[in-house]
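Structure file final.pdb (PDB, C-alpha atoms) follows.
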```
ATOM      1  CA  MET A   1      57.947  57.408  73.079
ATOM      2  CA  THR A   2      61.438  56.191  74.014
ATOM      3  CA  VAL A   3      62.797  52.957  75.469
ATOM      4  CA  ALA A   4      65.600  53.170  78.034
ATOM      5  CA  ILE A   5      67.622  49.971  78.531
ATOM      6  CA  ILE A   6      69.678  50.318  81.697
ATOM      7  CA  ASP A   7      73.400  49.642  81.362
ATOM      8  CA  TYR A   8      74.914  48.643  84.681
ATOM      9  CA  GLY A   9      77.583  46.321  83.339
ATOM     10  CA  SER A  10      75.437  43.197  83.130
ATOM     11  CA  GLY A  11      74.091  41.537  80.016
ATOM     12  CA  ASN A  12      74.382  41.650  76.249
ATOM     13  CA  LEU A  13      72.832  45.055  75.816
ATOM     14  CA  ARG A  14      73.488  45.217  72.086
ATOM     15  CA  SER A  15      71.335  42.149  71.389
ATOM     16  CA  ALA A  16      68.583  43.485  73.649
ATOM     17  CA  ALA A  17      68.602  46.898  71.959
ATOM     18  CA  LYS A  18      68.540  45.317  68.488
ATOM     19  CA  ALA A  19      65.589  43.119  69.474
ATOM     20  CA  PHE A  20      63.618  46.125  70.722
ATOM     21  CA  GLU A  21      64.392  48.051  67.533
ATOM     22  CA  ARG A  22      63.319  45.118  65.375
ATOM     23  CA  ALA A  23      60.133  44.488  67.355
ATOM     24  CA  ALA A  24      59.185  48.154  67.053
ATOM     25  CA  ALA A  25      59.862  48.136  63.309
ATOM     26  CA  GLU A  26      57.694  45.036  62.812
ATOM     27  CA  ILE A  27      54.672  46.839  64.268
ATOM     28  CA  GLU A  28      55.634  50.121  62.566
ATOM     29  CA  LEU A  29      56.367  51.997  65.762
ATOM     30  CA  ASP A  30      58.967  54.743  65.618
ATOM     31  CA  VAL A  31      60.600  54.142  68.980
ATOM     32  CA  PRO A  32      64.132  55.310  69.776
ATOM     33  CA  VAL A  33      65.972  52.764  71.927
ATOM     34  CA  THR A  34      68.610  54.160  74.275
ATOM     35  CA  VAL A  35      71.143  52.136  76.267
ATOM     36  CA  THR A  36      72.107  54.248  79.255
ATOM     37  CA  GLY A  37      73.674  54.251  82.678
ATOM     38  CA  ASN A  38      72.496  57.808  83.321
ATOM     39  CA  ALA A  39      69.733  57.992  85.913
ATOM     40  CA  ALA A  40      68.491  61.315  84.524
ATOM     41  CA  ALA A  41      67.697  59.655  81.170
ATOM     42  CA  LEU A  42      64.833  57.693  82.745
ATOM     43  CA  ALA A  43      62.788  60.880  83.041
ATOM     44  CA  GLN A  44      62.604  61.113  79.229
ATOM     45  CA  ALA A  45      61.775  57.421  78.697
ATOM     46  CA  SER A  46      58.269  56.087  78.190
ATOM     47  CA  HIS A  47      59.317  52.437  78.769
ATOM     48  CA  ILE A  48      62.148  51.197  81.000
ATOM     49  CA  VAL A  49      63.993  47.879  80.635
ATOM     50  CA  LEU A  50      66.347  46.306  83.179
ATOM     51  CA  PRO A  51      68.338  43.384  81.732
ATOM     52  CA  GLY A  52      70.704  41.213  83.730
ATOM     53  CA  VAL A  53      73.088  38.286  83.440
ATOM     54  CA  GLY A  54      75.147  36.784  86.248
ATOM     55  CA  ALA A  55      74.774  36.470  90.001
ATOM     56  CA  PHE A  56      72.025  38.346  91.871
ATOM     57  CA  GLY A  57      74.395  40.068  94.309
ATOM     58  CA  ASP A  58      76.790  41.186  91.575
ATOM     59  CA  CYS A  59      73.924  42.652  89.563
ATOM     60  CA  ARG A  60      72.514  44.479  92.584
ATOM     61  CA  ARG A  61      75.941  45.964  93.319
ATOM     62  CA  GLY A  62      76.268  47.028  89.692
ATOM     63  CA  LEU A  63      72.907  48.770  89.824
ATOM     64  CA  ASP A  64      73.740  50.454  93.131
ATOM     65  CA  ALA A  65      77.020  51.718  91.628
ATOM     66  CA  LEU A  66      75.171  53.930  89.119
ATOM     67  CA  PRO A  67      74.647  57.286  90.863
ATOM     68  CA  GLY A  68      70.969  57.895  91.581
ATOM     69  CA  MET A  69      69.747  54.979  89.441
ATOM     70  CA  VAL A  70      67.806  53.039  92.102
ATOM     71  CA  GLU A  71      66.146  56.272  93.226
ATOM     72  CA  ALA A  72      65.326  57.185  89.609
ATOM     73  CA  LEU A  73      63.788  53.747  89.056
ATOM     74  CA  GLU A  74      61.594  54.172  92.123
ATOM     75  CA  ARG A  75      60.560  57.646  90.996
ATOM     76  CA  GLN A  76      59.812  56.779  87.365
ATOM     77  CA  VAL A  77      58.497  53.214  87.689
ATOM     78  CA  ILE A  78      56.856  52.941  91.102
ATOM     79  CA  ASP A  79      55.772  56.563  91.592
ATOM     80  CA  GLY A  80      55.442  57.497  87.906
ATOM     81  CA  GLY A  81      53.852  54.265  86.687
ATOM     82  CA  LYS A  82      55.975  53.884  83.553
ATOM     83  CA  PRO A  83      55.878  50.414  81.929
ATOM     84  CA  PHE A  84      58.845  48.386  83.191
ATOM     85  CA  LEU A  85      60.314  45.106  81.963
ATOM     86  CA  GLY A  86      62.959  43.155  83.882
ATOM     87  CA  ILE A  87      64.811  40.442  81.945
ATOM     88  CA  CYS A  88      66.452  37.404  83.609
ATOM     89  CA  VAL A  89      68.380  38.757  86.634
ATOM     90  CA  GLY A  90      66.717  42.106  85.939
ATOM     91  CA  MET A  91      63.438  40.334  86.686
ATOM     92  CA  GLN A  92      64.907  38.686  89.789
ATOM     93  CA  LEU A  93      66.027  42.054  91.160
ATOM     94  CA  MET A  94      62.345  42.992  91.486
ATOM     95  CA  ALA A  95      62.062  40.453  94.340
ATOM     96  CA  THR A  96      62.271  41.117  98.058
ATOM     97  CA  ARG A  97      65.590  39.308  98.265
ATOM     98  CA  GLY A  98      67.898  36.934  96.445
ATOM     99  CA  LEU A  99      69.503  33.901  98.098
ATOM    100  CA  GLU A 100      72.334  33.318  95.625
ATOM    101  CA  HIS A 101      75.696  33.184  97.464
ATOM    102  CA  GLY A 102      74.209  34.740 100.600
ATOM    103  CA  ARG A 103      71.229  37.040 101.185
ATOM    104  CA  HIS A 104      70.920  40.160  99.062
ATOM    105  CA  ASP A 105      68.162  42.754  99.107
ATOM    106  CA  GLY A 106      66.182  43.165  95.913
ATOM    107  CA  LEU A 107      64.169  46.210  94.900
ATOM    108  CA  GLY A 108      61.150  44.825  96.762
ATOM    109  CA  TRP A 109      58.684  45.574  93.965
ATOM    110  CA  ILE A 110      57.189  42.077  93.808
ATOM    111  CA  ALA A 111      57.159  40.135  97.073
ATOM    112  CA  GLY A 112      59.122  36.906  96.954
ATOM    113  CA  GLU A 113      62.552  35.311  97.005
ATOM    114  CA  VAL A 114      64.978  34.197  94.341
ATOM    115  CA  VAL A 115      65.948  30.628  95.222
ATOM    116  CA  ALA A 116      68.080  27.870  93.722
ATOM    117  CA  LEU A 117      66.510  25.611  91.120
ATOM    118  CA  GLU A 118      66.168  22.060  92.435
ATOM    119  CA  PRO A 119      64.640  19.899  89.667
ATOM    120  CA  ALA A 120      62.890  16.809  91.004
ATOM    121  CA  ASN A 121      64.292  14.883  88.051
ATOM    122  CA  GLY A 122      67.956  14.259  88.829
ATOM    123  CA  THR A 123      68.849  13.986  85.152
ATOM    124  CA  LEU A 124      67.985  17.648  84.591
ATOM    125  CA  LYS A 125      71.033  19.848  84.843
ATOM    126  CA  VAL A 126      71.382  23.239  86.492
ATOM    127  CA  PRO A 127      71.717  25.824  85.034
ATOM    128  CA  HIS A 128      68.463  25.366  83.182
ATOM    129  CA  MET A 129      69.537  26.277  79.666
ATOM    130  CA  GLY A 130      67.497  26.002  76.492
ATOM    131  CA  TRP A 131      64.005  26.235  75.052
ATOM    132  CA  ASN A 132      60.989  25.560  77.263
ATOM    133  CA  GLU A 133      57.255  25.880  76.818
ATOM    134  CA  LEU A 134      55.684  29.061  78.125
ATOM    135  CA  ALA A 135      52.444  28.437  80.051
ATOM    136  CA  PRO A 136      50.625  31.719  80.828
ATOM    137  CA  THR A 137      48.540  31.593  84.006
ATOM    138  CA  ALA A 138      47.085  35.010  83.114
ATOM    139  CA  PRO A 139      46.571  34.479  79.363
ATOM    140  CA  ASP A 140      44.389  37.579  79.000
ATOM    141  CA  HIS A 141      47.242  39.882  80.027
ATOM    142  CA  PRO A 142      48.148  42.141  77.063
ATOM    143  CA  PHE A 143      51.743  40.890  77.263
ATOM    144  CA  PHE A 144      50.648  37.528  75.843
ATOM    145  CA  ALA A 145      48.523  38.873  72.967
ATOM    146  CA  GLY A 146      49.160  36.911  69.782
ATOM    147  CA  VAL A 147      51.474  34.398  71.471
ATOM    148  CA  PRO A 148      50.373  30.917  70.375
ATOM    149  CA  ALA A 149      49.644  28.101  72.810
ATOM    150  CA  GLY A 150      52.711  25.941  73.290
ATOM    151  CA  ALA A 151      55.126  28.763  72.424
ATOM    152  CA  HIS A 152      58.715  28.227  73.563
ATOM    153  CA  THR A 153      61.162  30.785  74.954
ATOM    154  CA  TYR A 154      64.869  30.620  75.740
ATOM    155  CA  PHE A 155      66.048  30.262  79.349
ATOM    156  CA  VAL A 156      69.511  30.417  80.977
ATOM    157  CA  HIS A 157      69.368  30.438  84.790
ATOM    158  CA  SER A 158      70.212  28.570  87.987
ATOM    159  CA  TYR A 159      67.836  30.449  90.300
ATOM    160  CA  GLY A 160      64.103  31.105  90.098
ATOM    161  CA  PHE A 161      61.567  33.604  91.429
ATOM    162  CA  ALA A 162      59.301  32.224  94.178
ATOM    163  CA  CYS A 163      56.428  34.737  94.320
ATOM    164  CA  ALA A 164      54.785  35.348  97.687
ATOM    165  CA  ASP A 165      51.509  35.979  95.815
ATOM    166  CA  PRO A 166      50.939  33.229  93.213
ATOM    167  CA  ASP A 167      48.726  35.623  91.231
ATOM    168  CA  GLN A 168      51.816  37.671  90.431
ATOM    169  CA  ALA A 169      53.366  34.725  88.574
ATOM    170  CA  LEU A 170      51.814  35.429  85.163
ATOM    171  CA  ALA A 171      53.394  32.452  83.383
ATOM    172  CA  THR A 172      55.317  29.329  84.306
ATOM    173  CA  THR A 173      57.377  26.633  82.650
ATOM    174  CA  GLU A 174      58.222  23.081  83.677
ATOM    175  CA  TYR A 175      61.772  21.998  84.525
ATOM    176  CA  GLY A 176      61.624  19.191  87.059
ATOM    177  CA  GLY A 177      58.821  21.159  88.692
ATOM    178  CA  THR A 178      57.029  24.437  88.097
ATOM    179  CA  VAL A 179      59.322  27.396  87.458
ATOM    180  CA  THR A 180      58.170  31.026  87.300
ATOM    181  CA  ALA A 181      58.628  32.370  83.768
ATOM    182  CA  VAL A 182      56.883  35.777  83.955
ATOM    183  CA  VAL A 183      56.040  37.959  86.949
ATOM    184  CA  GLY A 184      53.962  41.103  87.002
ATOM    185  CA  ARG A 185      51.609  43.525  88.692
ATOM    186  CA  ASP A 186      50.302  46.967  87.737
ATOM    187  CA  ASN A 187      52.920  48.513  85.377
ATOM    188  CA  LEU A 188      55.584  45.892  86.162
ATOM    189  CA  LEU A 189      56.604  42.880  84.077
ATOM    190  CA  GLY A 190      59.564  40.521  84.344
ATOM    191  CA  THR A 191      60.666  37.530  82.272
ATOM    192  CA  GLN A 192      62.975  34.808  83.529
ATOM    193  CA  PHE A 193      63.698  33.892  79.906
ATOM    194  CA  HIS A 194      65.439  36.111  77.355
ATOM    195  CA  PRO A 195      62.892  37.557  74.905
ATOM    196  CA  GLU A 196      65.751  38.968  72.827
ATOM    197  CA  LYS A 197      66.965  35.379  72.250
ATOM    198  CA  SER A 198      63.497  33.859  71.795
ATOM    199  CA  GLN A 199      63.099  34.554  68.063
ATOM    200  CA  ALA A 200      59.565  35.308  66.780
ATOM    201  CA  VAL A 201      57.885  34.686  70.143
ATOM    202  CA  GLY A 202      60.311  36.998  71.901
ATOM    203  CA  LEU A 203      59.790  39.757  69.342
ATOM    204  CA  ARG A 204      56.016  39.409  69.768
ATOM    205  CA  LEU A 205      56.321  39.782  73.536
ATOM    206  CA  ILE A 206      58.591  42.824  73.177
ATOM    207  CA  ALA A 207      56.129  44.382  70.731
ATOM    208  CA  ASN A 208      53.319  43.750  73.203
ATOM    209  CA  PHE A 209      55.324  45.436  75.938
ATOM    210  CA  LEU A 210      55.933  48.461  73.715
ATOM    211  CA  GLN A 211      52.197  48.781  73.020
ATOM    212  CA  TRP A 212      51.182  48.154  76.633
ATOM    213  CA  ARG A 213      49.368  50.977  78.429
ATOM    214  CA  PRO A 214      48.914  49.780  82.010
TER     215      PRO A 214
END
```

Would you mind giving the structure from this file in structure tokens?
Amino acid sequence: MTVAIIDYGSGNLRSAAKAFERAAAEIELDVPVTVTGNAAALAQASHIVLPGVGAFGDCRRGLDALPGMVEALERQVIDGGKPFLGICVGMQLMATRGLEHGRHDGLGWIAGEVVALEPANGTLKVPHMGWNELAPTAPDHPFFAGVPAGAHTYFVHSYGFACADPDQALATTEYGGTVTAVVGRDNLLGTQFHPEKSQAVGLRLIANFLQWRP
């Protein structure tokens, strides 16, 4: 069992790797965590993580710049069925397209668009930054095992995932309206929030992902 965190020049990969190592240690799993930009490394991984910070288009270009990486993701995740977790913009890249500073194609794994946050409450600022309550709409999903009701996670984003199929929004949060917090289907998961910055709740979610056998 090995976790591959994809390095395409976006995100604090050190904090993500440390969080995965700590979560594994807390449940006594011996799981090597590799940060890599090498597409071939995905073949050896049991779990694949795509982080992301910044603008959708910039992140997509960064991913495309890694030789063979998009093809390797398709082969290992979509064809091979390996558990996959997208974090923040890494989650958004799973969409059909992103509408941040123009139209940009996503990976097309979960149908929907990434659109600007427009809180109904004018006093709420964008970007949405801080702790918000996580409200699972699919509470029986193994990803949420042991996560208490009313748990909070840490968000930093200006755009949100509008799922074409509401059943693929596995959790929401409220920020001047309903905002998608977790997406998923089959072997795919994505979090709009940062589990690596979400303290005990984030570590629990990471541990659940590591133990997940979709």

- From the set A:Ala4, A:Leu85, A:Gln192, A:Gly80, which residue has the shortest atom-to-atom contact distance to Met129 in chain A, counting all atoms listed in the file? A:Gln192

- Please evaluate the PyMOL selection byres ((chain A and resi 203) around 12) against the structure above and give the resulting residues as a ChimeraX atom specification. /A:15-27,143-147,153,194-202,204-210

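The interatomic distance for the pair CA of Ala135 in chain A and CA of Gly98 in chain A works out to 24.1 Å.
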
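Among A:Gly177, A:Ala151, A:Ala95, A:Pro136, the residue with the shortest atom-to-atom distance to Asn121 in chain A, counting all atoms listed in the file, is A:Gly177.
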
With 6 Å of padding per side, what axis-aligned box (centre and edge lengths, Å, one decimal) covers all the listed atoms of range 191-206 of chain A? Give it as lines of an AutoDock Vina configuration file.
```
center_x = 61.5
center_y = 38.3
center_z = 75.2
size_x = 22.9
size_y = 21.0
size_z = 28.7
```

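With only C-alpha atoms as the atoms that count, the residue of A:Ala41, A:Leu13, A:Ala138, A:Ala162 with the shortest distance to Thr178 in chain A is A:Ala162.
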
Can you pull out every residue within 7 Å of range 50-61 of chain A, counting all atoms listed in the file, but drop anything in the same chain fewer than 5 positions away, and send it as a compact mmCIF listing (two decimals) with C-alpha atoms, in the coordinates of the input?
```txt
# COMPACT_ATOMS: atom_id res chain seq x y z
CA ILE A 5 67.62 49.97 78.53
CA ILE A 6 69.68 50.32 81.70
CA SER A 10 75.44 43.20 83.13
CA GLY A 11 74.09 41.54 80.02
CA LEU A 85 60.31 45.11 81.96
CA GLY A 86 62.96 43.16 83.88
CA ILE A 87 64.81 40.44 81.94
CA CYS A 88 66.45 37.40 83.61
CA VAL A 89 68.38 38.76 86.63
CA GLY A 90 66.72 42.11 85.94
CA GLY A 98 67.90 36.93 96.44
CA GLU A 100 72.33 33.32 95.62
CA HIS A 104 70.92 40.16 99.06
```

- Counting all atoms listed in the file, closest pick from A:Pro148, A:Ala43, A:Asp64, A:Gly160 relative to Val114 in chain A is A:Gly160

- Find, counting all atoms listed in the file, the residue in A:Tyr175, A:Trp212, A:Phe84, A:Phe161 that gets nearest to Pro127 in chain A. A:Tyr175

- Message: Which polymer residues, whether protein, DNA or RNA, lie within 8 Å of the coordinate (56.9, 33.7, 82.2) when you count all atoms listed in the file? List them as a PyMOL selection string, using the chain letters and numbers from the file.
- Response: chain A and resi 134-136+169-173+180-183+190-193

- Can you find the residues with an atom no farther than 6 Å from (66.7, 30.3, 78.3), counting all atoms listed in the file, and report them as a PyMOL selection string? chain A and resi 129-131+154-156+193

- Message: Nearest residue to Asp186 in chain A out of A:Ile78, A:Leu63, A:Ala45, A:Cys163, using all atoms listed in the file?
- Response: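 Checking each candidate against Asp186 in chain A, we get A:Ile78 as the closest.
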
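Our summary of the geometry notes that CA of Asn38 in chain A is positioned 17.7 Å from CA of Asn12 in chain A.
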
- Item | Spatial neighbours of Tyr159 in chain A, 6 Å, all atoms listed in the file, chain gap at least 6 places, as a PyMOL selection string | chain A and resi 115-117

Go ahead and dump the residues you just picked, C-alpha atoms, as a compact mmCIF listing (two decimals), in the frame of the given file.
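Written out: out.txt:
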```
# COMPACT_ATOMS: atom_id res chain seq x y z
CA VAL A 115 65.95 30.63 95.22
CA ALA A 116 68.08 27.87 93.72
CA LEU A 117 66.51 25.61 91.12
```

- Please measure the separation of CA of Gln76 in chain A and CA of Arg103 in chain A, giving the value in Å to one decimal.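 Going from CA of Gln76 in chain A over to CA of Arg103 in chain A, I get 26.7 Å.
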
- Message: I'd like the neighbourhood of Leu107 in chain A as a list in words, where a residue qualifies if any of its atoms comes within 8 Å (using only C-alpha atoms), though same-chain residues fewer than 2 positions away should be ignored.
- Response: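 Listed by chain and then number, they are Leu93, Met94, Ala95, Thr96, Arg97, Asp105 and Trp109 of chain A.
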
Near Arg213 in chain A, counting all atoms listed in the file, which residues have an atom at most 10 Å away, once you skip same-chain residues fewer than 5 positions from it, shown as a PDB file with C-alpha atoms, in the coordinates of the input?
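Written file, out_39.pdb:
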```pdb
ATOM      1  CA  GLY A  81      53.852  54.265  86.687  1.00  0.00           C
ATOM      2  CA  LYS A  82      55.975  53.884  83.553  1.00  0.00           C
ATOM      3  CA  PRO A  83      55.878  50.414  81.929  1.00  0.00           C
ATOM      4  CA  PRO A 142      48.148  42.141  77.063  1.00  0.00           C
ATOM      5  CA  ASN A 187      52.920  48.513  85.377  1.00  0.00           C
ATOM      6  CA  ASN A 208      53.319  43.750  73.203  1.00  0.00           C
TER       7      ASN A 208
END
```

- Evaluate the PyMOL selection byres ((chain A and resi 72) around 10) and report residues as JSON, numbers by chain: {"A": [38, 39, 40, 41, 42, 43, 67, 68, 69, 70, 71, 73, 74, 75, 76, 77, 78, 79]}
